[in-house]
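Peer 1: The following file, work-v7.cif, comprises mmCIF, C-alpha atoms (C1' of nucleotides):
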data_target
loop_
_atom_site.label_atom_id
_atom_site.label_comp_id
_atom_site.auth_asym_id
_atom_site.auth_seq_id
_atom_site.Cartn_x
_atom_site.Cartn_y
_atom_site.Cartn_z
CA MET A 1 0.00 0.00 0.00
CA ARG A 2 1.17 3.49 -0.76
CA THR A 3 0.18 6.59 1.11
CA GLN A 4 0.10 10.31 0.81
CA THR A 5 3.83 10.85 1.06
CA ASP A 6 4.46 8.75 -2.00
CA PHE A 7 1.96 10.76 -3.92
CA ALA A 8 3.66 14.01 -3.12
CA GLU A 9 6.77 12.65 -4.81
CA ARG A 10 4.77 11.61 -7.81
CA THR A 11 2.73 14.73 -8.14
CA ILE A 12 3.64 16.39 -11.36
CA GLU A 13 5.23 19.78 -10.85
CA TYR A 14 3.31 22.96 -11.16
CA GLU A 15 5.09 23.94 -14.35
CA LYS A 16 3.90 20.87 -16.18
CA LEU A 17 0.42 21.30 -14.84
CA LEU A 18 0.36 24.88 -15.97
CA SER A 19 1.55 24.19 -19.47
CA TYR A 20 -0.96 21.39 -19.82
CA PHE A 21 -3.67 23.83 -18.79
CA LYS A 22 -2.43 26.48 -21.19
CA ALA A 23 -2.27 24.06 -24.08
CA LEU A 24 -5.77 22.89 -23.33
CA LEU A 25 -7.09 26.43 -23.27
CA LYS A 26 -5.38 27.30 -26.52
CA ASN A 27 -6.78 24.17 -28.08
CA GLU A 28 -10.31 25.23 -27.34
CA ASN A 29 -9.90 28.90 -28.05
CA LEU A 30 -10.28 29.73 -24.40
CA LYS A 31 -8.32 32.39 -22.64
CA TYR A 32 -5.61 32.16 -20.05
CA THR A 33 -6.54 34.65 -17.38
CA LYS A 34 -5.00 35.71 -14.12
CA GLN A 35 -8.06 34.34 -12.32
CA ARG A 36 -7.69 30.91 -13.86
CA GLU A 37 -4.05 30.93 -12.93
CA VAL A 38 -4.59 31.70 -9.25
CA ILE A 39 -7.34 29.09 -9.03
CA LEU A 40 -5.09 26.38 -10.39
CA ASP A 41 -2.34 27.64 -8.14
CA GLY A 42 -4.64 27.57 -5.14
CA LEU A 43 -5.60 23.98 -5.83
CA TYR A 44 -1.97 23.04 -6.20
CA ASN A 45 -0.71 24.84 -3.12
CA SER A 46 -3.09 23.26 -0.65
CA ASP A 47 -3.71 19.81 0.67
CA GLY A 48 -5.79 19.44 -2.44
CA HIS A 49 -9.19 18.90 -0.89
CA LEU A 50 -11.06 22.17 -0.98
CA THR A 51 -14.64 23.30 -1.19
CA PRO A 52 -15.29 26.07 -3.71
CA GLU A 53 -15.63 28.48 -0.83
CA GLU A 54 -12.38 27.41 0.82
CA LEU A 55 -10.63 27.88 -2.48
CA TYR A 56 -12.24 31.28 -2.89
CA ASN A 57 -11.06 32.37 0.57
CA LEU A 58 -7.57 31.05 -0.06
CA ILE A 59 -7.34 33.08 -3.24
CA GLN A 60 -8.64 36.20 -1.56
CA LYS A 61 -5.95 35.81 1.09
CA ASN A 62 -3.08 35.09 -1.27
CA HIS A 63 -4.05 37.51 -4.01
CA PRO A 64 -5.89 40.35 -2.29
CA THR A 65 -5.29 42.79 -5.13
CA LEU A 66 -6.82 40.57 -7.80
CA LYS A 67 -10.59 40.67 -7.56
CA THR A 68 -11.82 37.14 -8.06
CA GLY A 69 -15.50 36.38 -7.67
CA ILE A 70 -16.85 33.15 -6.28
CA ALA A 71 -18.73 32.67 -9.54
CA THR A 72 -15.42 32.49 -11.35
CA VAL A 73 -14.19 29.90 -8.91
CA TYR A 74 -17.26 27.78 -9.63
CA ARG A 75 -16.92 28.31 -13.37
CA THR A 76 -13.25 27.44 -13.39
CA LEU A 77 -13.71 24.35 -11.24
CA GLN A 78 -16.37 23.24 -13.67
CA LEU A 79 -14.03 23.87 -16.57
CA LEU A 80 -11.23 21.93 -14.91
CA GLU A 81 -13.54 19.09 -14.05
CA ASP A 82 -14.88 18.90 -17.59
CA HIS A 83 -11.33 18.45 -18.77
CA ASN A 84 -10.51 15.93 -16.10
CA MET A 85 -7.95 18.13 -14.44
CA VAL A 86 -9.79 18.08 -11.14
CA THR A 87 -12.09 15.57 -9.49
CA SER A 88 -14.95 16.41 -7.21
CA LEU A 89 -15.61 14.42 -4.08
CA SER A 90 -18.77 14.47 -2.07
CA PHE A 91 -18.24 13.18 1.42
CA GLY A 92 -21.46 13.11 3.37
CA SER A 93 -22.28 16.38 5.02
CA GLN A 94 -18.90 17.92 4.36
CA GLY A 95 -20.12 19.16 1.01
CA LYS A 96 -18.45 18.90 -2.35
CA LYS A 97 -14.69 19.13 -2.40
CA TYR A 98 -12.32 19.39 -5.31
CA GLU A 99 -8.85 17.99 -5.79
CA LEU A 100 -6.37 18.10 -8.62
CA GLY A 101 -6.95 15.01 -10.66
CA ALA A 102 -3.64 14.99 -12.49
CA LYS A 103 -2.34 12.83 -9.72
CA GLU A 104 -2.39 9.09 -9.92
CA HIS A 105 -5.65 7.43 -8.91
CA HIS A 106 -6.10 6.98 -5.19
CA ASP A 107 -8.76 6.49 -2.56
CA HIS A 108 -9.58 8.44 0.58
CA MET A 109 -9.65 7.81 4.26
CA ILE A 110 -11.61 10.50 6.07
CA CYS A 111 -11.48 11.30 9.76
CA THR A 112 -14.98 12.06 10.95
CA GLU A 113 -13.62 13.99 13.93
CA CYS A 114 -11.24 16.48 12.35
CA GLY A 115 -12.04 16.07 8.67
CA GLU A 116 -8.50 15.12 7.76
CA ILE A 117 -8.23 13.26 4.49
CA THR A 118 -5.50 10.70 3.88
CA GLU A 119 -4.96 9.24 0.45
CA PHE A 120 -4.04 5.66 -0.27
CA VAL A 121 -3.94 3.05 -2.97
CA ASP A 122 -4.24 -0.67 -2.63
CA GLU A 123 -3.42 -2.72 -5.70
CA GLU A 124 -5.42 -5.68 -4.52
CA ILE A 125 -8.56 -3.61 -4.20
CA GLU A 126 -7.96 -2.02 -7.59
CA LYS A 127 -7.70 -5.45 -9.16
CA ARG A 128 -10.87 -6.72 -7.52
CA GLN A 129 -12.82 -3.67 -8.61
CA HIS A 130 -12.04 -4.46 -12.24
CA LEU A 131 -12.99 -8.06 -11.65
CA ILE A 132 -16.32 -7.16 -10.10
CA ALA A 133 -17.21 -4.78 -12.89
CA ASP A 134 -16.43 -7.49 -15.43
CA GLU A 135 -18.56 -10.04 -13.61
CA LEU A 136 -21.55 -7.71 -13.60
CA GLY A 137 -21.11 -6.85 -17.26
CA PHE A 138 -20.23 -3.31 -16.35
CA LYS A 139 -17.85 -1.18 -18.38
CA MET A 140 -16.02 0.60 -15.59
CA SER A 141 -14.97 4.16 -16.21
CA ASN A 142 -14.10 5.26 -12.73
CA HIS A 143 -14.38 4.30 -9.12
CA SER A 144 -13.97 5.76 -5.69
CA MET A 145 -13.70 4.42 -2.23
CA GLN A 146 -13.85 6.09 1.12
CA ILE A 147 -13.07 4.78 4.56
CA TYR A 148 -14.55 6.78 7.41
CA GLY A 149 -13.27 6.61 10.95
CA THR A 150 -11.13 8.29 13.54
CA CYS A 151 -7.54 9.14 12.77
CA ARG A 152 -4.69 8.34 15.15
CA GLN A 153 -4.43 11.90 16.48
CA CYS A 154 -8.11 12.13 17.27
CA GLN A 155 -8.11 8.74 18.96
CA GLU A 156 -5.30 9.92 21.23
CA LYS A 157 -7.19 13.07 22.13
CA GLN A 158 -10.05 11.05 23.54
CA MET B 1 -19.19 -11.89 -4.72
CA ARG B 2 -22.88 -11.42 -3.99
CA THR B 3 -25.23 -9.14 -5.82
CA GLN B 4 -28.55 -7.42 -5.46
CA THR B 5 -30.67 -10.54 -5.68
CA ASP B 6 -29.03 -12.03 -2.64
CA PHE B 7 -29.72 -8.90 -0.71
CA ALA B 8 -33.41 -9.02 -1.44
CA GLU B 9 -33.48 -12.38 0.27
CA ARG B 10 -31.64 -11.05 3.26
CA THR B 11 -33.61 -7.89 3.61
CA ILE B 12 -35.53 -7.99 6.82
CA GLU B 13 -39.26 -8.01 6.31
CA TYR B 14 -41.32 -4.92 6.55
CA GLU B 15 -43.01 -6.05 9.74
CA LYS B 16 -39.75 -6.26 11.60
CA LEU B 17 -38.62 -2.97 10.22
CA LEU B 18 -41.83 -1.36 11.31
CA SER B 19 -41.75 -2.69 14.84
CA TYR B 20 -38.14 -1.61 15.18
CA PHE B 21 -39.18 1.86 14.11
CA LYS B 22 -42.13 1.91 16.49
CA ALA B 23 -40.02 0.76 19.41
CA LEU B 24 -37.46 3.41 18.65
CA LEU B 25 -40.09 6.12 18.53
CA LYS B 26 -41.62 4.99 21.79
CA ASN B 27 -38.20 4.94 23.38
CA GLU B 28 -37.64 8.57 22.61
CA ASN B 29 -41.14 9.78 23.26
CA LEU B 30 -41.70 10.42 19.60
CA LYS B 31 -44.92 9.76 17.81
CA TYR B 32 -45.86 7.20 15.25
CA THR B 33 -47.71 9.09 12.55
CA LYS B 34 -49.28 8.11 9.28
CA GLN B 35 -46.71 10.27 7.48
CA ARG B 36 -43.80 8.48 9.08
CA GLU B 37 -45.37 5.19 8.15
CA VAL B 38 -45.80 5.97 4.48
CA ILE B 39 -42.27 7.32 4.27
CA LEU B 40 -40.79 4.14 5.69
CA ASP B 41 -43.10 2.17 3.42
CA GLY B 42 -42.01 4.19 0.40
CA LEU B 43 -38.37 3.51 1.13
CA TYR B 44 -39.08 -0.16 1.56
CA ASN B 45 -41.21 -0.57 -1.55
CA SER B 46 -38.75 0.87 -4.02
CA ASP B 47 -35.35 -0.07 -5.31
CA GLY B 48 -34.15 1.69 -2.22
CA HIS B 49 -32.19 4.52 -3.78
CA LEU B 50 -34.34 7.62 -3.73
CA THR B 51 -33.84 11.34 -3.55
CA PRO B 52 -36.09 13.14 -1.07
CA GLU B 53 -38.09 14.44 -4.00
CA GLU B 54 -38.50 11.03 -5.60
CA LEU B 55 -39.70 9.68 -2.29
CA TYR B 56 -42.09 12.61 -1.95
CA ASN B 57 -43.54 11.96 -5.41
CA LEU B 58 -43.87 8.26 -4.74
CA ILE B 59 -45.82 8.97 -1.56
CA GLN B 60 -48.08 11.44 -3.32
CA LYS B 61 -48.83 8.82 -5.94
CA ASN B 62 -49.45 5.95 -3.54
CA HIS B 63 -51.25 7.91 -0.85
CA PRO B 64 -53.00 10.77 -2.60
CA THR B 65 -55.47 11.32 0.21
CA LEU B 66 -52.83 11.77 2.88
CA LYS B 67 -51.30 15.20 2.62
CA THR B 68 -47.59 14.80 3.15
CA GLY B 69 -45.33 17.79 2.77
CA ILE B 70 -41.83 17.60 1.40
CA ALA B 71 -40.61 19.14 4.64
CA THR B 72 -41.89 16.10 6.50
CA VAL B 73 -40.06 13.84 4.09
CA TYR B 74 -36.84 15.70 4.81
CA ARG B 75 -37.50 15.68 8.53
CA THR B 76 -38.27 11.99 8.60
CA LEU B 77 -35.27 11.05 6.49
CA GLN B 78 -33.15 13.03 8.91
CA LEU B 79 -34.74 11.22 11.82
CA LEU B 80 -34.18 7.84 10.21
CA GLU B 81 -30.62 8.68 9.35
CA ASP B 82 -29.88 9.85 12.88
CA HIS B 83 -31.03 6.49 14.10
CA ASN B 84 -29.07 4.60 11.46
CA MET B 85 -32.15 3.24 9.80
CA VAL B 86 -31.27 4.82 6.49
CA THR B 87 -28.02 5.79 4.86
CA SER B 88 -27.50 8.72 2.56
CA LEU B 89 -25.42 8.41 -0.56
CA SER B 90 -24.07 11.27 -2.58
CA PHE B 91 -23.07 10.21 -6.04
CA GLY B 92 -21.59 13.07 -8.00
CA SER B 93 -24.16 15.23 -9.69
CA GLN B 94 -27.05 12.87 -9.05
CA GLY B 95 -27.67 14.52 -5.72
CA LYS B 96 -28.23 12.92 -2.34
CA LYS B 97 -30.06 9.62 -2.29
CA TYR B 98 -31.32 7.61 0.63
CA GLU B 99 -31.56 3.88 1.17
CA LEU B 100 -32.73 1.71 4.01
CA GLY B 101 -29.71 0.94 6.06
CA ALA B 102 -31.09 -2.08 7.88
CA LYS B 103 -29.70 -4.17 5.09
CA GLU B 104 -26.30 -5.76 5.27
CA HIS B 105 -23.37 -3.59 4.25
CA HIS B 106 -22.78 -3.37 0.53
CA ASP B 107 -21.19 -1.22 -2.11
CA HIS B 108 -22.60 0.40 -5.23
CA MET B 109 -22.02 0.21 -8.93
CA ILE B 110 -23.58 3.18 -10.71
CA CYS B 111 -24.37 3.43 -14.39
CA THR B 112 -23.50 6.92 -15.56
CA GLU B 113 -25.86 6.58 -18.53
CA CYS B 114 -29.12 5.54 -16.93
CA GLY B 115 -28.36 6.06 -13.25
CA GLU B 116 -29.11 2.45 -12.36
CA ILE B 117 -27.54 1.34 -9.12
CA THR B 118 -26.45 -2.23 -8.53
CA GLU B 119 -25.36 -3.38 -5.13
CA PHE B 120 -22.56 -5.81 -4.45
CA VAL B 121 -20.25 -7.07 -1.75
CA ASP B 122 -16.77 -8.44 -2.13
CA GLU B 123 -15.30 -10.11 0.91
CA GLU B 124 -11.75 -9.64 -0.27
CA ILE B 125 -12.20 -5.90 -0.55
CA GLU B 126 -13.88 -5.77 2.85
CA LYS B 127 -10.91 -7.54 4.38
CA ARG B 128 -8.37 -5.26 2.75
CA GLN B 129 -10.24 -2.17 3.87
CA HIS B 130 -9.88 -3.24 7.49
CA LEU B 131 -6.23 -3.99 6.89
CA ILE B 132 -5.56 -0.59 5.37
CA ALA B 133 -7.30 1.25 8.17
CA ASP B 134 -5.21 -0.68 10.68
CA GLU B 135 -1.97 0.11 8.87
CA LEU B 136 -2.73 3.82 8.89
CA GLY B 137 -3.71 3.79 12.56
CA PHE B 138 -7.27 4.56 11.66
CA LYS B 139 -10.21 3.38 13.68
CA MET B 140 -12.63 2.55 10.91
CA SER B 141 -16.30 3.16 11.53
CA ASN B 142 -17.68 2.92 8.05
CA HIS B 143 -16.70 2.77 4.43
CA SER B 144 -18.19 3.10 1.03
CA MET B 145 -17.13 2.28 -2.45
CA GLN B 146 -18.59 3.20 -5.78
CA ILE B 147 -17.78 1.93 -9.24
CA TYR B 148 -18.93 4.15 -12.07
CA GLY B 149 -19.38 2.96 -15.61
CA THR B 150 -21.85 1.82 -18.20
CA CYS B 151 -24.20 -1.03 -17.43
CA ARG B 152 -24.78 -3.92 -19.83
CA GLN B 153 -28.10 -2.56 -21.13
CA CYS B 154 -26.66 0.86 -21.92
CA GLN B 155 -23.64 -0.66 -23.62
CA GLU B 156 -25.95 -2.65 -25.89
CA LYS B 157 -27.96 0.44 -26.76
CA GLN B 158 -24.89 2.11 -28.18
"C1'" DG C 1 -55.40 17.49 27.58
"C1'" DT C 2 -50.48 17.64 26.45
"C1'" DC C 3 -46.85 17.98 23.61
"C1'" DG C 4 -44.83 16.44 19.44
"C1'" DC C 5 -45.86 16.53 14.43
"C1'" DT C 6 -47.37 18.54 10.17
"C1'" DG C 7 -48.19 21.62 6.15
"C1'" DC C 8 -47.26 25.84 4.59
"C1'" DA C 9 -44.51 29.46 3.38
"C1'" DA C 10 -40.57 31.97 4.34
"C1'" DA C 11 -35.76 31.83 4.98
"C1'" DG C 12 -31.28 29.71 4.33
"C1'" DT C 13 -27.54 27.49 1.64
"C1'" DC C 14 -25.10 26.58 -2.20
"C1'" DT C 15 -24.58 27.02 -7.16
"C1'" DT C 16 -25.68 28.91 -11.68
"C1'" DT C 17 -26.78 32.52 -14.93
"C1'" DG C 18 -27.60 37.17 -17.40
"C1'" DC C 19 -25.39 41.18 -18.38
"C1'" DA C 20 -22.45 44.94 -19.45
"C1'" DG C 21 -17.83 46.19 -19.10
"C1'" DA C 22 -12.82 44.42 -19.00
"C1'" DG C 23 -9.11 42.20 -21.07
"C1'" DA C 24 -6.61 38.29 -23.69
"C1'" DG C 25 -5.15 37.09 -28.18
"C1'" DC D 1 -10.65 44.64 -32.85
"C1'" DT D 2 -13.07 40.51 -31.55
"C1'" DC D 3 -14.97 37.48 -28.61
"C1'" DT D 4 -14.31 35.26 -24.20
"C1'" DC D 5 -14.07 36.10 -19.32
"C1'" DT D 6 -15.23 38.45 -15.18
"C1'" DG D 7 -17.67 40.55 -11.15
"C1'" DC D 8 -21.90 41.57 -9.62
"C1'" DA D 9 -26.33 40.69 -8.44
"C1'" DA D 10 -30.29 38.22 -9.39
"C1'" DA D 11 -32.22 33.80 -10.05
"C1'" DG D 12 -32.38 28.78 -9.23
"C1'" DA D 13 -32.26 24.46 -6.88
"C1'" DC D 14 -32.37 22.19 -2.75
"C1'" DT D 15 -32.98 21.99 2.25
"C1'" DT D 16 -34.24 23.81 6.75
"C1'" DT D 17 -37.04 26.42 9.96
"C1'" DG D 18 -40.91 29.19 12.38
"C1'" DC D 19 -45.49 28.95 13.32
"C1'" DA D 20 -50.20 27.93 14.27
"C1'" DG D 21 -53.29 24.27 14.07
"C1'" DC D 22 -53.67 19.04 14.19
"C1'" DG D 23 -53.45 14.60 16.02
"C1'" DA D 24 -51.07 10.62 18.67
"C1'" DC D 25 -51.03 8.92 23.14
#
Would you write the structure of this file as structure tokens?
Peer 2:
Amino acid sequence: MRTQTDFAERTIEYEKLLSYFKALLKNENLKYTKQREVILDGLYNSDGHLTPEELYNLIQKNHPTLKTGIATVYRTLQLLEDHNMVTSLSFGSQGKKYELGAKEHHDHMICTECGEITEFVDEEIEKRQHLIADELGFKMSNHSMQIYGTCRQCQEKQ
Amino acid sequence: MRTQTDFAERTIEYEKLLSYFKALLKNENLKYTKQREVILDGLYNSDGHLTPEELYNLIQKNHPTLKTGIATVYRTLQLLEDHNMVTSLSFGSQGKKYELGAKEHHDHMICTECGEITEFVDEEIEKRQHLIADELGFKMSNHSMQIYGTCRQCQEKQ
DNA sequence: GTCGCTGCAAAGTCTTTGCAGAGAG
DNA sequence: CTCTCTGCAAAGACTTTGCAGCGAC
């Protein structure tokens, strides 16, 4: 099993991400704006699991001079999701969160006390998922798995 | 692996479900009302994956004489969820759906074309989930897994 | 009878959209 | 220059809440 740390090492650098984004925009006759840049940047320079509002606040804090509306955050997240650059996660009552999807596939372990999200991958589970889809005659396009519980820190607090 | 059909056989009968619900209400000095009955009934007599609005419509159709407001549906679903009688699922853009949680644990395979939901359980995956939680020092309380793709019927249509 | 429950409508959230001006290419 | 993007505010979708009357116990 691999965990979050490994992913950090594998995460493609910001430069690559940015040029991919720029190429994509050019390809579709869309424009590369300062707002789109800071949104991508915000997603990159965070733990990667943000609600639209959290992202909006982060941008306001880091780029106070640039006026960026929440509508633009929503629109850009939608754009990024349409092009598979980000993935949206909906964990129960925590609302919809977004993460950069350029990373390798992984699953999530969510602490119900503090909301911390740890990423992991288990090859065995991945294999079985494909197997199950095949058995049910399903053409699998995607999958997600979440484990809910209490993280080590929160257990110690109690 | 087991699938939906097996679950139908394991599903506890409505009578048991109902008496559990009644006992629970009595226990907390809550009242057993006609509205609460038809809501539980609606959840039971369906494929078990309903949005609050779908449930509301179903009730309107099956019990046209009984006035049941959507607010009551929301309130009752909340009540049932608080007492672990139903589970809410949020699958991407499909919105929040509810299912009776008295059934055995299972995971979901969702067709992104027609929205059909098939349930399944894989013991191997269940085992590995516990293992992973242990390795990460996580006290697991719950987990969910979704496989997205195209179901057999929708593949044939194309 | 009491006290919780209900429908209704109003109020909250969260997200999307219309528009006129700003700005990238 | 053109045509997309943006902020703003208004509109939408979904969910929750306050209230006065209703109904379970």
Peer 1: Could you list the residues in chain A lying within 6 Å of chain B, using only C-alpha atoms, and format the result as a compact mmCIF listing (two decimals) with C-alpha atoms, keeping the file's coordinate frame?
Peer 2:
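Saved to selection.txt:
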# COMPACT_ATOMS: atom_id res chain seq x y z
CA ILE A 125 -8.56 -3.61 -4.20
CA GLY A 137 -21.11 -6.85 -17.26
CA PHE A 138 -20.23 -3.31 -16.35
CA LYS A 139 -17.85 -1.18 -18.38
CA MET A 140 -16.02 0.60 -15.59
CA SER A 141 -14.97 4.16 -16.21
CA ASN A 142 -14.10 5.26 -12.73
CA HIS A 143 -14.38 4.30 -9.12
CA SER A 144 -13.97 5.76 -5.69
CA MET A 145 -13.70 4.42 -2.23
CA GLN A 146 -13.85 6.09 1.12
CA ILE A 147 -13.07 4.78 4.56
CA TYR A 148 -14.55 6.78 7.41
CA GLY A 149 -13.27 6.61 10.95
CA THR A 150 -11.13 8.29 13.54
CA CYS A 151 -7.54 9.14 12.77
CA ARG A 152 -4.69 8.34 15.15
Peer 1: Hey, can you check how far CA of Leu80 in chain B sits from CA of Lys97 in chain B?
Peer 2: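 Computed distance, CA of Leu80 in chain B to CA of Lys97 in chain B, equals 13.3 Å.
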Peer 1: Evaluate the PyMOL selection byres ((chain B) within 10 of (chain C)) against this structure - the residues, as a list of chain:residue names, please.
Peer 2: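 Selected by the PyMOL selection byres ((chain B) within 10 of (chain C)) in this file: B:Asn29, B:Leu30, B:Lys31, B:Tyr32, B:Thr33, B:Gln35, B:Arg36, B:Lys67, B:Thr68, B:Gly69, B:Ile70, B:Ala71, B:Thr72.
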Peer 1: Using the chain letters and numbering of this document, enumerate as a list in words the residues selected by the PyMOL selection byres ((chain D) within 12 of (chain B)).
Peer 2: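 Evaluating the PyMOL selection byres ((chain D) within 12 of (chain B)) on these coordinates yields DA13, DC14, DT15, DT16, DT17, DC22, DG23, DA24 and DC25 of chain D.
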Peer 1: Report as a PyMOL selection string all protein, DNA and RNA residues lying within 12 Å of Asn57 in chain B, evaluated on all atoms listed in the file, omitting residues in the same chain fewer than 2 positions from it.
Peer 2: chain B and resi 38-39+42-43+50-55+59-64+67-70+73
Peer 1: Atoms to include: C-alpha atoms. Write the selected residues as a PDB file, in the frame of the given file.
Peer 2:
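Output file result35.pdb is given in full below:
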ATOM      1  CA  VAL B  38     -45.800   5.970   4.480  1.00  0.00           C
ATOM      2  CA  ILE B  39     -42.270   7.320   4.270  1.00  0.00           C
ATOM      3  CA  GLY B  42     -42.010   4.190   0.400  1.00  0.00           C
ATOM      4  CA  LEU B  43     -38.370   3.510   1.130  1.00  0.00           C
ATOM      5  CA  LEU B  50     -34.340   7.620  -3.730  1.00  0.00           C
ATOM      6  CA  THR B  51     -33.840  11.340  -3.550  1.00  0.00           C
ATOM      7  CA  PRO B  52     -36.090  13.140  -1.070  1.00  0.00           C
ATOM      8  CA  GLU B  53     -38.090  14.440  -4.000  1.00  0.00           C
ATOM      9  CA  GLU B  54     -38.500  11.030  -5.600  1.00  0.00           C
ATOM     10  CA  LEU B  55     -39.700   9.680  -2.290  1.00  0.00           C
ATOM     11  CA  ILE B  59     -45.820   8.970  -1.560  1.00  0.00           C
ATOM     12  CA  GLN B  60     -48.080  11.440  -3.320  1.00  0.00           C
ATOM     13  CA  LYS B  61     -48.830   8.820  -5.940  1.00  0.00           C
ATOM     14  CA  ASN B  62     -49.450   5.950  -3.540  1.00  0.00           C
ATOM     15  CA  HIS B  63     -51.250   7.910  -0.850  1.00  0.00           C
ATOM     16  CA  PRO B  64     -53.000  10.770  -2.600  1.00  0.00           C
ATOM     17  CA  LYS B  67     -51.300  15.200   2.620  1.00  0.00           C
ATOM     18  CA  THR B  68     -47.590  14.800   3.150  1.00  0.00           C
ATOM     19  CA  GLY B  69     -45.330  17.790   2.770  1.00  0.00           C
ATOM     20  CA  ILE B  70     -41.830  17.600   1.400  1.00  0.00           C
ATOM     21  CA  VAL B  73     -40.060  13.840   4.090  1.00  0.00           C
TER      22      VAL B  73
END
Peer 1: Given 8 Å on each side, where is the centre and what are the edge lengths in Å to one decimal of the axis-aligned box enclosing the listed atoms of range 4-13 of chain D, as JSON?
Peer 2:
{"center_x": -23.2, "center_y": 33.0, "center_z": -15.5, "size_x": 34.3, "size_y": 33.1, "size_z": 33.3}
Peer 1: Hey, can you check how far CA of Leu40 in chain A sits from CA of Thr76 in chain A?
Peer 2: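 Distance reported for this atom pair: 8.8 Å.
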